[in-house]
$ cat start.txt   # compact mmCIF, N, CA and C atoms
# COMPACT_ATOMS: atom_id res chain seq x y z
N MET A 1 146.99 105.99 198.95
CA MET A 1 146.83 106.36 197.56
C MET A 1 148.10 107.01 197.01
N ARG A 2 148.69 107.92 197.81
CA ARG A 2 149.92 108.59 197.38
C ARG A 2 151.04 107.57 197.18
N THR A 3 151.11 106.55 198.06
CA THR A 3 152.16 105.53 197.93
C THR A 3 151.97 104.76 196.64
N LEU A 4 150.75 104.39 196.33
CA LEU A 4 150.47 103.69 195.08
C LEU A 4 150.86 104.57 193.89
N SER A 5 150.53 105.85 193.97
CA SER A 5 150.89 106.76 192.88
C SER A 5 152.40 106.83 192.70
N LEU A 6 153.12 106.87 193.82
CA LEU A 6 154.57 106.94 193.75
C LEU A 6 155.14 105.66 193.15
N VAL A 7 154.59 104.50 193.52
CA VAL A 7 155.04 103.23 192.95
C VAL A 7 154.78 103.19 191.45
N LEU A 8 153.60 103.63 191.04
CA LEU A 8 153.29 103.68 189.61
C LEU A 8 154.23 104.62 188.87
N LEU A 9 154.51 105.77 189.48
CA LEU A 9 155.42 106.73 188.85
C LEU A 9 156.81 106.12 188.72
N LEU A 10 157.28 105.44 189.75
CA LEU A 10 158.60 104.82 189.67
C LEU A 10 158.67 103.82 188.53
N GLY A 11 157.62 103.01 188.36
CA GLY A 11 157.59 102.05 187.27
C GLY A 11 157.57 102.72 185.92
N THR A 12 156.76 103.76 185.79
CA THR A 12 156.66 104.49 184.53
C THR A 12 157.98 105.17 184.19
N LEU A 13 158.59 105.80 185.19
CA LEU A 13 159.83 106.53 184.94
C LEU A 13 160.99 105.58 184.70
N ALA A 14 160.99 104.44 185.36
CA ALA A 14 162.05 103.46 185.11
C ALA A 14 161.99 103.01 183.66
N TRP A 15 160.79 102.81 183.16
CA TRP A 15 160.61 102.44 181.77
C TRP A 15 161.15 103.54 180.86
N ALA A 16 161.01 104.77 181.27
CA ALA A 16 161.46 105.90 180.46
C ALA A 16 162.94 106.22 180.70
N ALA A 17 163.64 105.40 181.48
CA ALA A 17 165.07 105.55 181.77
C ALA A 17 165.39 106.77 182.61
N LEU A 18 164.45 107.27 183.37
CA LEU A 18 164.68 108.36 184.31
C LEU A 18 164.41 107.80 185.70
N SER A 19 165.18 108.24 186.68
CA SER A 19 164.93 107.75 188.02
C SER A 19 164.42 108.87 188.91
N LEU A 20 163.48 108.53 189.75
CA LEU A 20 162.88 109.47 190.69
C LEU A 20 163.71 109.45 191.97
N SER A 21 164.15 110.59 192.38
CA SER A 21 164.93 110.70 193.59
C SER A 21 164.01 111.09 194.75
N PRO A 22 164.18 110.46 195.91
CA PRO A 22 163.34 110.83 197.05
C PRO A 22 163.71 112.19 197.64
N ARG A 23 164.89 112.71 197.27
CA ARG A 23 165.32 114.03 197.73
C ARG A 23 166.08 114.72 196.61
N LEU A 24 166.28 116.00 196.76
CA LEU A 24 167.00 116.76 195.73
C LEU A 24 168.41 116.18 195.60
N PRO A 25 168.82 115.78 194.39
CA PRO A 25 170.16 115.22 194.20
C PRO A 25 171.25 116.21 194.63
N ASP A 26 172.36 115.68 195.15
CA ASP A 26 173.45 116.52 195.64
C ASP A 26 173.94 117.49 194.58
N ALA A 27 173.97 117.07 193.31
CA ALA A 27 174.44 117.96 192.25
C ALA A 27 173.62 119.24 192.19
N LEU A 28 172.32 119.14 192.46
CA LEU A 28 171.46 120.32 192.45
C LEU A 28 171.48 121.04 193.79
N ALA A 29 171.54 120.28 194.88
CA ALA A 29 171.51 120.88 196.21
C ALA A 29 172.76 121.71 196.47
N GLN A 30 173.90 121.25 195.99
CA GLN A 30 175.16 121.94 196.28
C GLN A 30 175.46 123.09 195.32
N ALA A 31 174.76 123.16 194.21
CA ALA A 31 174.97 124.26 193.26
C ALA A 31 174.54 125.57 193.90
N GLY A 32 175.34 126.61 193.74
CA GLY A 32 175.01 127.91 194.31
C GLY A 32 173.70 128.45 193.80
N SER A 33 173.52 128.37 192.51
CA SER A 33 172.25 128.75 191.90
C SER A 33 172.12 127.93 190.63
N TRP A 34 170.91 127.88 190.14
CA TRP A 34 170.67 127.14 188.90
C TRP A 34 170.68 128.14 187.76
N PRO A 35 171.15 127.74 186.57
CA PRO A 35 171.30 128.68 185.46
C PRO A 35 169.96 129.18 184.91
N SER A 36 170.01 130.34 184.29
CA SER A 36 168.85 130.83 183.54
C SER A 36 168.51 129.80 182.49
N GLY A 37 167.25 129.63 182.24
CA GLY A 37 166.82 128.64 181.27
C GLY A 37 166.44 127.31 181.90
N THR A 38 166.65 127.18 183.22
CA THR A 38 166.22 125.97 183.92
C THR A 38 164.70 125.91 183.84
N GLN A 39 164.17 124.73 183.54
CA GLN A 39 162.72 124.57 183.39
C GLN A 39 162.19 123.66 184.48
N PHE A 40 160.92 123.87 184.84
CA PHE A 40 160.29 123.14 185.92
C PHE A 40 158.94 122.63 185.47
N ALA A 41 158.52 121.48 186.01
CA ALA A 41 157.18 120.95 185.77
C ALA A 41 156.82 120.01 186.90
N LEU A 42 155.54 119.98 187.25
CA LEU A 42 155.03 118.98 188.19
C LEU A 42 154.46 117.84 187.38
N LEU A 43 154.75 116.60 187.81
CA LEU A 43 154.30 115.41 187.11
C LEU A 43 153.37 114.58 187.98
N ASP A 44 152.49 113.83 187.33
CA ASP A 44 151.62 112.91 188.05
C ASP A 44 152.25 111.52 188.11
N ALA A 45 151.53 110.56 188.65
CA ALA A 45 152.05 109.21 188.84
C ALA A 45 152.36 108.50 187.53
N GLN A 46 151.78 108.94 186.43
CA GLN A 46 152.06 108.33 185.13
C GLN A 46 153.19 109.05 184.39
N GLY A 47 153.78 110.05 185.03
CA GLY A 47 154.86 110.80 184.39
C GLY A 47 154.36 111.89 183.46
N GLN A 48 153.07 112.18 183.51
CA GLN A 48 152.49 113.23 182.67
C GLN A 48 152.59 114.58 183.38
N VAL A 49 152.83 115.62 182.62
CA VAL A 49 152.91 116.97 183.18
C VAL A 49 151.52 117.41 183.61
N VAL A 50 151.41 117.85 184.88
CA VAL A 50 150.14 118.39 185.37
C VAL A 50 150.21 119.89 185.58
N TRP A 51 151.44 120.44 185.58
CA TRP A 51 151.60 121.90 185.70
C TRP A 51 152.97 122.30 185.20
N THR A 52 153.00 123.42 184.48
CA THR A 52 154.24 124.11 184.12
C THR A 52 154.05 125.58 184.44
N PRO A 53 155.14 126.30 184.72
CA PRO A 53 155.01 127.72 185.00
C PRO A 53 154.26 128.44 183.87
N GLY A 54 153.36 129.31 184.27
CA GLY A 54 152.56 130.06 183.31
C GLY A 54 151.17 129.49 183.14
N ALA A 55 151.01 128.19 183.42
CA ALA A 55 149.70 127.55 183.35
C ALA A 55 148.99 127.76 184.69
N ALA A 56 147.69 127.66 184.66
CA ALA A 56 146.93 127.78 185.90
C ALA A 56 147.27 126.61 186.81
N LEU A 57 147.55 126.89 188.07
CA LEU A 57 147.83 125.84 189.04
C LEU A 57 146.52 125.51 189.75
N THR A 58 145.96 124.38 189.40
CA THR A 58 144.66 124.00 189.93
C THR A 58 144.81 123.05 191.13
N GLN A 59 143.74 122.95 191.91
CA GLN A 59 143.72 122.00 193.02
C GLN A 59 143.90 120.58 192.49
N GLU A 60 143.31 120.28 191.35
CA GLU A 60 143.44 118.95 190.75
C GLU A 60 144.90 118.64 190.40
N ALA A 61 145.60 119.62 189.82
CA ALA A 61 147.01 119.41 189.49
C ALA A 61 147.82 119.15 190.75
N LEU A 62 147.54 119.89 191.82
CA LEU A 62 148.27 119.68 193.07
C LEU A 62 147.93 118.33 193.68
N ARG A 63 146.69 117.89 193.57
CA ARG A 63 146.32 116.56 194.09
C ARG A 63 147.06 115.46 193.34
N GLN A 64 147.30 115.65 192.06
CA GLN A 64 147.94 114.63 191.23
C GLN A 64 149.46 114.67 191.30
N ALA A 65 150.05 115.78 191.69
CA ALA A 65 151.51 115.95 191.64
C ALA A 65 152.23 115.01 192.60
N VAL A 66 153.20 114.27 192.06
CA VAL A 66 154.04 113.39 192.88
C VAL A 66 155.53 113.63 192.61
N ALA A 67 155.86 114.43 191.59
CA ALA A 67 157.27 114.67 191.27
C ALA A 67 157.45 116.05 190.66
N LEU A 68 158.62 116.62 190.90
CA LEU A 68 159.05 117.86 190.25
C LEU A 68 160.13 117.49 189.25
N ARG A 69 159.94 117.90 187.99
CA ARG A 69 160.96 117.69 186.97
C ARG A 69 161.73 118.99 186.82
N ILE A 70 163.04 118.90 186.98
CA ILE A 70 163.94 120.05 186.81
C ILE A 70 164.81 119.74 185.61
N THR A 71 164.74 120.59 184.58
CA THR A 71 165.53 120.39 183.37
C THR A 71 166.50 121.56 183.23
N LEU A 72 167.77 121.26 183.30
CA LEU A 72 168.80 122.30 183.15
C LEU A 72 169.01 122.60 181.67
N PRO A 73 169.53 123.79 181.35
CA PRO A 73 169.72 124.16 179.95
C PRO A 73 170.59 123.18 179.16
N GLY A 74 171.51 122.49 179.81
CA GLY A 74 172.37 121.53 179.12
C GLY A 74 171.68 120.21 178.81
N GLY A 75 170.42 120.07 179.23
CA GLY A 75 169.65 118.87 178.94
C GLY A 75 169.57 117.87 180.08
N GLU A 76 170.29 118.10 181.19
CA GLU A 76 170.19 117.20 182.33
C GLU A 76 168.80 117.30 182.92
N VAL A 77 168.19 116.15 183.20
CA VAL A 77 166.84 116.12 183.75
C VAL A 77 166.88 115.41 185.10
N TYR A 78 166.26 116.02 186.09
CA TYR A 78 166.18 115.46 187.43
C TYR A 78 164.71 115.36 187.82
N LEU A 79 164.34 114.24 188.44
CA LEU A 79 162.98 114.06 188.95
C LEU A 79 163.09 113.88 190.46
N VAL A 80 162.35 114.71 191.17
CA VAL A 80 162.40 114.70 192.62
C VAL A 80 160.99 114.49 193.17
N ALA A 81 160.85 113.54 194.09
CA ALA A 81 159.55 113.29 194.70
C ALA A 81 159.09 114.52 195.48
N VAL A 82 157.82 114.82 195.40
CA VAL A 82 157.23 115.93 196.15
C VAL A 82 156.03 115.40 196.94
N GLN A 83 155.71 116.13 197.99
CA GLN A 83 154.50 115.88 198.75
C GLN A 83 153.73 117.19 198.78
N VAL A 84 152.44 117.11 198.55
CA VAL A 84 151.59 118.29 198.61
C VAL A 84 150.84 118.26 199.92
N GLN A 85 151.00 119.31 200.70
CA GLN A 85 150.34 119.42 201.99
C GLN A 85 149.36 120.58 201.92
N GLY A 86 148.19 120.40 202.46
CA GLY A 86 147.22 121.46 202.49
C GLY A 86 146.07 121.18 201.55
N SER A 87 145.37 122.24 201.19
CA SER A 87 144.14 122.09 200.40
C SER A 87 144.32 122.44 198.93
N GLY A 88 145.54 122.52 198.47
CA GLY A 88 145.77 122.78 197.05
C GLY A 88 145.62 124.23 196.65
N GLN A 89 146.19 125.12 197.45
CA GLN A 89 146.05 126.55 197.18
C GLN A 89 147.24 127.19 196.47
N GLY A 90 148.36 126.47 196.32
CA GLY A 90 149.49 127.09 195.64
C GLY A 90 150.78 126.31 195.79
N LEU A 91 151.84 126.83 195.18
CA LEU A 91 153.14 126.14 195.20
C LEU A 91 153.75 126.07 196.59
N GLY A 92 153.31 126.92 197.51
CA GLY A 92 153.81 126.86 198.88
C GLY A 92 153.43 125.57 199.57
N GLU A 93 152.48 124.82 199.01
CA GLU A 93 152.06 123.54 199.58
C GLU A 93 152.82 122.36 198.99
N VAL A 94 153.71 122.63 198.02
CA VAL A 94 154.54 121.58 197.42
C VAL A 94 155.85 121.54 198.19
N TRP A 95 156.13 120.39 198.81
CA TRP A 95 157.32 120.22 199.63
C TRP A 95 158.21 119.13 199.04
N LEU A 96 159.53 119.27 199.21
CA LEU A 96 160.47 118.24 198.82
C LEU A 96 161.59 118.18 199.83
N THR A 97 162.40 117.16 199.74
CA THR A 97 163.48 116.95 200.71
C THR A 97 164.79 117.44 200.12
N VAL A 98 165.47 118.29 200.89
CA VAL A 98 166.77 118.84 200.51
C VAL A 98 167.70 118.66 201.71
N ASP A 99 168.79 117.95 201.51
CA ASP A 99 169.74 117.71 202.61
C ASP A 99 169.02 117.22 203.87
N ASP A 100 168.13 116.26 203.70
CA ASP A 100 167.39 115.64 204.80
C ASP A 100 166.45 116.60 205.55
N LYS A 101 166.13 117.74 204.94
CA LYS A 101 165.15 118.68 205.51
C LYS A 101 164.00 118.81 204.52
N ARG A 102 162.79 118.93 205.05
CA ARG A 102 161.63 119.16 204.17
C ARG A 102 161.51 120.66 203.96
N VAL A 103 161.40 121.05 202.68
CA VAL A 103 161.44 122.45 202.29
C VAL A 103 160.30 122.73 201.31
N PRO A 104 159.58 123.85 201.48
CA PRO A 104 158.56 124.21 200.49
C PRO A 104 159.24 124.64 199.19
N LEU A 105 158.62 124.32 198.07
CA LEU A 105 159.20 124.62 196.76
C LEU A 105 159.59 126.09 196.59
N PRO A 106 158.75 127.08 196.96
CA PRO A 106 159.17 128.47 196.78
C PRO A 106 160.45 128.83 197.54
N GLU A 107 160.65 128.24 198.71
CA GLU A 107 161.87 128.50 199.48
C GLU A 107 163.10 127.94 198.77
N LEU A 108 162.97 126.73 198.24
CA LEU A 108 164.07 126.13 197.48
C LEU A 108 164.38 126.98 196.24
N LEU A 109 163.34 127.37 195.52
CA LEU A 109 163.55 128.18 194.31
C LEU A 109 164.28 129.47 194.65
N HIS A 110 163.87 130.12 195.73
CA HIS A 110 164.52 131.37 196.14
C HIS A 110 166.00 131.14 196.45
N ALA A 111 166.30 130.04 197.13
CA ALA A 111 167.69 129.73 197.47
C ALA A 111 168.53 129.46 196.23
N LYS A 112 167.89 129.07 195.14
CA LYS A 112 168.60 128.76 193.91
C LYS A 112 168.50 129.86 192.86
N GLY A 113 168.02 131.04 193.27
CA GLY A 113 168.03 132.18 192.38
C GLY A 113 166.77 132.39 191.56
N PHE A 114 165.66 131.78 191.98
CA PHE A 114 164.39 131.92 191.25
C PHE A 114 163.31 132.40 192.20
N ALA A 115 162.24 132.92 191.63
CA ALA A 115 161.09 133.36 192.40
C ALA A 115 159.81 132.95 191.68
N VAL A 116 158.74 132.86 192.43
CA VAL A 116 157.42 132.60 191.85
C VAL A 116 156.72 133.94 191.74
N ALA A 117 156.32 134.30 190.53
CA ALA A 117 155.65 135.58 190.30
C ALA A 117 154.57 135.40 189.25
N ASP A 118 153.33 135.65 189.64
CA ASP A 118 152.19 135.56 188.71
C ASP A 118 152.13 134.21 187.99
N GLY A 119 152.35 133.14 188.72
CA GLY A 119 152.27 131.81 188.12
C GLY A 119 153.49 131.40 187.32
N GLN A 120 154.47 132.26 187.25
CA GLN A 120 155.71 131.97 186.53
C GLN A 120 156.83 131.71 187.54
N ILE A 121 157.81 130.92 187.15
CA ILE A 121 159.04 130.79 187.92
C ILE A 121 160.08 131.58 187.14
N VAL A 122 160.54 132.66 187.75
CA VAL A 122 161.43 133.60 187.05
C VAL A 122 162.77 133.69 187.78
N ARG A 123 163.78 134.01 187.02
CA ARG A 123 165.13 134.20 187.58
C ARG A 123 165.13 135.50 188.37
N GLU A 124 165.64 135.44 189.61
CA GLU A 124 165.76 136.64 190.43
C GLU A 124 167.01 137.39 190.02
N PRO A 125 166.97 138.72 190.09
CA PRO A 125 168.21 139.46 189.82
C PRO A 125 169.23 139.15 190.91
N PRO A 126 170.53 139.17 190.58
CA PRO A 126 171.55 138.88 191.59
C PRO A 126 171.48 139.89 192.72
N ALA A 127 171.81 139.42 193.92
CA ALA A 127 171.82 140.30 195.09
C ALA A 127 172.91 141.35 194.95
N LYS A 128 172.65 142.52 195.44
CA LYS A 128 173.63 143.61 195.40
C LYS A 128 174.38 143.67 196.72
N GLY A 129 175.68 143.81 196.68
CA GLY A 129 176.48 144.00 197.88
C GLY A 129 176.68 142.72 198.66
N PRO A 130 177.47 142.82 199.73
CA PRO A 130 177.76 141.63 200.54
C PRO A 130 176.56 141.22 201.39
N ALA A 131 176.53 139.95 201.76
CA ALA A 131 175.47 139.45 202.63
C ALA A 131 175.63 140.03 204.02
N ALA A 132 174.54 140.19 204.70
CA ALA A 132 174.58 140.68 206.07
C ALA A 132 175.32 139.68 206.94
N PRO A 133 176.07 140.16 207.95
CA PRO A 133 176.80 139.23 208.82
C PRO A 133 175.83 138.23 209.46
N GLY A 134 176.25 136.98 209.49
CA GLY A 134 175.43 135.94 210.08
C GLY A 134 174.34 135.42 209.17
N ASN A 135 174.15 136.03 208.02
CA ASN A 135 173.11 135.58 207.09
C ASN A 135 173.77 134.76 206.00
N ARG A 136 173.85 133.50 206.21
CA ARG A 136 174.53 132.61 205.27
C ARG A 136 173.55 131.79 204.45
N GLY A 137 172.31 132.14 204.45
CA GLY A 137 171.34 131.41 203.62
C GLY A 137 170.85 130.16 204.29
N HIS A 138 170.46 129.19 203.49
CA HIS A 138 169.79 127.99 203.98
C HIS A 138 170.73 126.83 204.18
N GLY A 139 171.97 126.92 203.77
CA GLY A 139 172.89 125.82 203.94
C GLY A 139 172.85 124.83 202.81
N TRP A 140 172.02 125.08 201.78
CA TRP A 140 172.01 124.16 200.65
C TRP A 140 172.31 124.90 199.37
N GLY A 141 173.49 125.51 199.36
CA GLY A 141 174.00 125.99 198.10
C GLY A 141 174.02 127.48 197.90
N ARG A 142 173.44 128.27 198.78
CA ARG A 142 173.47 129.72 198.53
C ARG A 142 173.54 130.48 199.80
$ encode --input "start.txt" --output "structure tokens"
Amino acid sequence: MRTLSLVLLLGTLAWAALSLSPRLPDALAQAGSWPSGTQFALLDAQGQVVWTPGAALTQEALRQAVALRITLPGGEVYLVAVQVQGSGQGLGEVWLTVDDKRVPLPELLHAKGFAVADGQIVREPPAKGPAAPGNRGHGWGR
């Protein structure tokens, strides 16, 4: 069923002139952090938004989610395939591929300077002071 949904999404998005990437595009993966004003949404197989930050994240929305839309403040839009694992309890069950590794969405957001708080995706304040020795982050941009 998920494969059929992904095929339908690819057809719908191709018609809309957007392409679905099976993994986070290098332009986003290599960026140290994403700018304030970056917007996020989960999409279903028809390209319809099933969740945006601030809205209730339901089990139904997670069952339908097949892509994450990332919109940068400059208007660049990226669509990344996601897989939902588990029983639909939260964003920690949304996984995507970054540099050939499967990563839960909250971990990726944290690496890019964002956090999930009360159903919102918010910009984290910059870290204070130097990083601890040996703590170089996740290897994908931060």
$ closest_residue --input "start.txt" --among "A:Gln46, A:Pro106, A:Val66, A:Glu93" --to "Val80 in chain A" --atoms "only N, CA and C atoms"
A:Val66
$ select_by_dssp --input "start.txt" --residues "range 48-105 of chain A" --states "strand (DSSP E)" --output "PyMOL selection string"
chain A and resi 49-51+67-71+77-81+83-84+94-98+101-104
$ atom_distance --input "start.txt" --atom1 "CA of Leu105 in chain A" --atom2 "atom C of Gln89 in chain A"
12.2 Å
$ closest_residue --input "start.txt" --among "A:Leu62, A:Lys101, A:Gly75, A:Leu108" --to "Ser87 in chain A" --atoms "all atoms listed in the file"
A:Leu62
$ closest_residue --input "start.txt" --among "A:Arg123, A:Gln39, A:Leu20, A:Pro53" --to "Leu72 in chain A" --atoms "all atoms listed in the file"
A:Gln39
$ atom_distance --input "start.txt" --atom1 "atom C of Glu107 in chain A" --atom2 "CA of Gly47 in chain A"
23.8 Å
$ atom_distance --input "start.txt" --atom1 "CA of Ala61 in chain A" --atom2 "CA of Ala31 in chain A"
28.6 Å
$ residues_around --input "start.txt" --residues "Ala67 in chain A" --least-positions-apart "5" --cutoff "8 Å" --atoms "all atoms listed in the file" --output "compact mmCIF listing (two decimals) with N, CA and C atoms, in the frame of the given file"
# COMPACT_ATOMS: atom_id res chain seq x y z
N LEU A 6 153.12 106.87 193.82
CA LEU A 6 154.57 106.94 193.75
C LEU A 6 155.14 105.66 193.15
N LEU A 20 163.48 108.53 189.75
CA LEU A 20 162.88 109.47 190.69
C LEU A 20 163.71 109.45 191.97
N ALA A 41 158.52 121.48 186.01
CA ALA A 41 157.18 120.95 185.77
C ALA A 41 156.82 120.01 186.90
N LEU A 42 155.54 119.98 187.25
CA LEU A 42 155.03 118.98 188.19
C LEU A 42 154.46 117.84 187.38
N LEU A 43 154.75 116.60 187.81
CA LEU A 43 154.30 115.41 187.11
C LEU A 43 153.37 114.58 187.98
N ASP A 44 152.49 113.83 187.33
CA ASP A 44 151.62 112.91 188.05
C ASP A 44 152.25 111.52 188.11
N ALA A 45 151.53 110.56 188.65
CA ALA A 45 152.05 109.21 188.84
C ALA A 45 152.36 108.50 187.53
N TYR A 78 166.26 116.02 186.09
CA TYR A 78 166.18 115.46 187.43
C TYR A 78 164.71 115.36 187.82
N LEU A 79 164.34 114.24 188.44
CA LEU A 79 162.98 114.06 188.95
C LEU A 79 163.09 113.88 190.46
N VAL A 80 162.35 114.71 191.17
CA VAL A 80 162.40 114.70 192.62
C VAL A 80 160.99 114.49 193.17
N ALA A 81 160.85 113.54 194.09
CA ALA A 81 159.55 113.29 194.70
C ALA A 81 159.09 114.52 195.48
N VAL A 82 157.82 114.82 195.40
CA VAL A 82 157.23 115.93 196.15
C VAL A 82 156.03 115.40 196.94
N GLN A 83 155.71 116.13 197.99
CA GLN A 83 154.50 115.88 198.75
C GLN A 83 153.73 117.19 198.78
$ residues_around --input "start.txt" --residues "Lys112 in chain A" --least-positions-apart "2" --cutoff "5 Å" --atoms "all atoms listed in the file" --output "PyMOL selection string"
chain A and resi 33-34+108-110+114
$ closest_residue --input "start.txt" --among "A:Thr97, A:Ser19, A:Gly88, A:Pro125" --to "Arg63 in chain A" --atoms "all atoms listed in the file"
A:Gly88
$ closest_residue --input "start.txt" --among "A:Gly54, A:Asp118, A:Ile70, A:Ala65" --to "Val84 in chain A" --atoms "only C-alpha atoms"
A:Ala65
$ closest_residue --input "start.txt" --among "A:Ser21, A:Val103, A:Ala29, A:Thr38" --to "Gly74 in chain A" --atoms "all atoms listed in the file"
A:Thr38
$ select_by_dssp --input "start.txt" --residues "range 19-134 of chain A" --states "alpha helix (DSSP H)" --output "list of chain:residue names"
A:Asp26, A:Ala27, A:Leu28, A:Ala29, A:Gln59, A:Glu60, A:Ala61, A:Leu62, A:Arg63, A:Gln64, A:Leu105, A:Pro106, A:Glu107, A:Leu108, A:Leu109, A:His110, A:Ala111
$ decode --input "start.txt" --residues "range 44-60 of chain A" --atoms "C-alpha atoms" --output "PDB file, in the first residue's frame"
ATOM      1  CA  ASP A  44      -0.093  12.393   1.603  1.00  0.00           C
ATOM      2  CA  ALA A  45       0.128  10.422  -1.644  1.00  0.00           C
ATOM      3  CA  GLN A  46      -1.976  13.026  -3.471  1.00  0.00           C
ATOM      4  CA  GLY A  47       0.333  15.857  -2.413  1.00  0.00           C
ATOM      5  CA  GLN A  48      -2.187  17.207   0.098  1.00  0.00           C
ATOM      6  CA  VAL A  49      -0.996  18.524   3.455  1.00  0.00           C
ATOM      7  CA  VAL A  50      -1.921  16.157   6.288  1.00  0.00           C
ATOM      8  CA  TRP A  51       0.005  17.979   9.027  1.00  0.00           C
ATOM      9  CA  THR A  52       1.693  21.308   9.671  1.00  0.00           C
ATOM     10  CA  PRO A  53       3.353  22.435  12.891  1.00  0.00           C
ATOM     11  CA  GLY A  54       0.771  23.686  15.362  1.00  0.00           C
ATOM     12  CA  ALA A  55      -1.965  21.363  14.101  1.00  0.00           C
ATOM     13  CA  ALA A  56      -2.878  18.212  15.965  1.00  0.00           C
ATOM     14  CA  LEU A  57      -0.742  15.296  14.785  1.00  0.00           C
ATOM     15  CA  THR A  58      -3.190  12.438  14.459  1.00  0.00           C
ATOM     16  CA  GLN A  59      -2.623   8.735  13.847  1.00  0.00           C
ATOM     17  CA  GLU A  60      -4.535   9.158  10.574  1.00  0.00           C
TER      18      GLU A  60
END
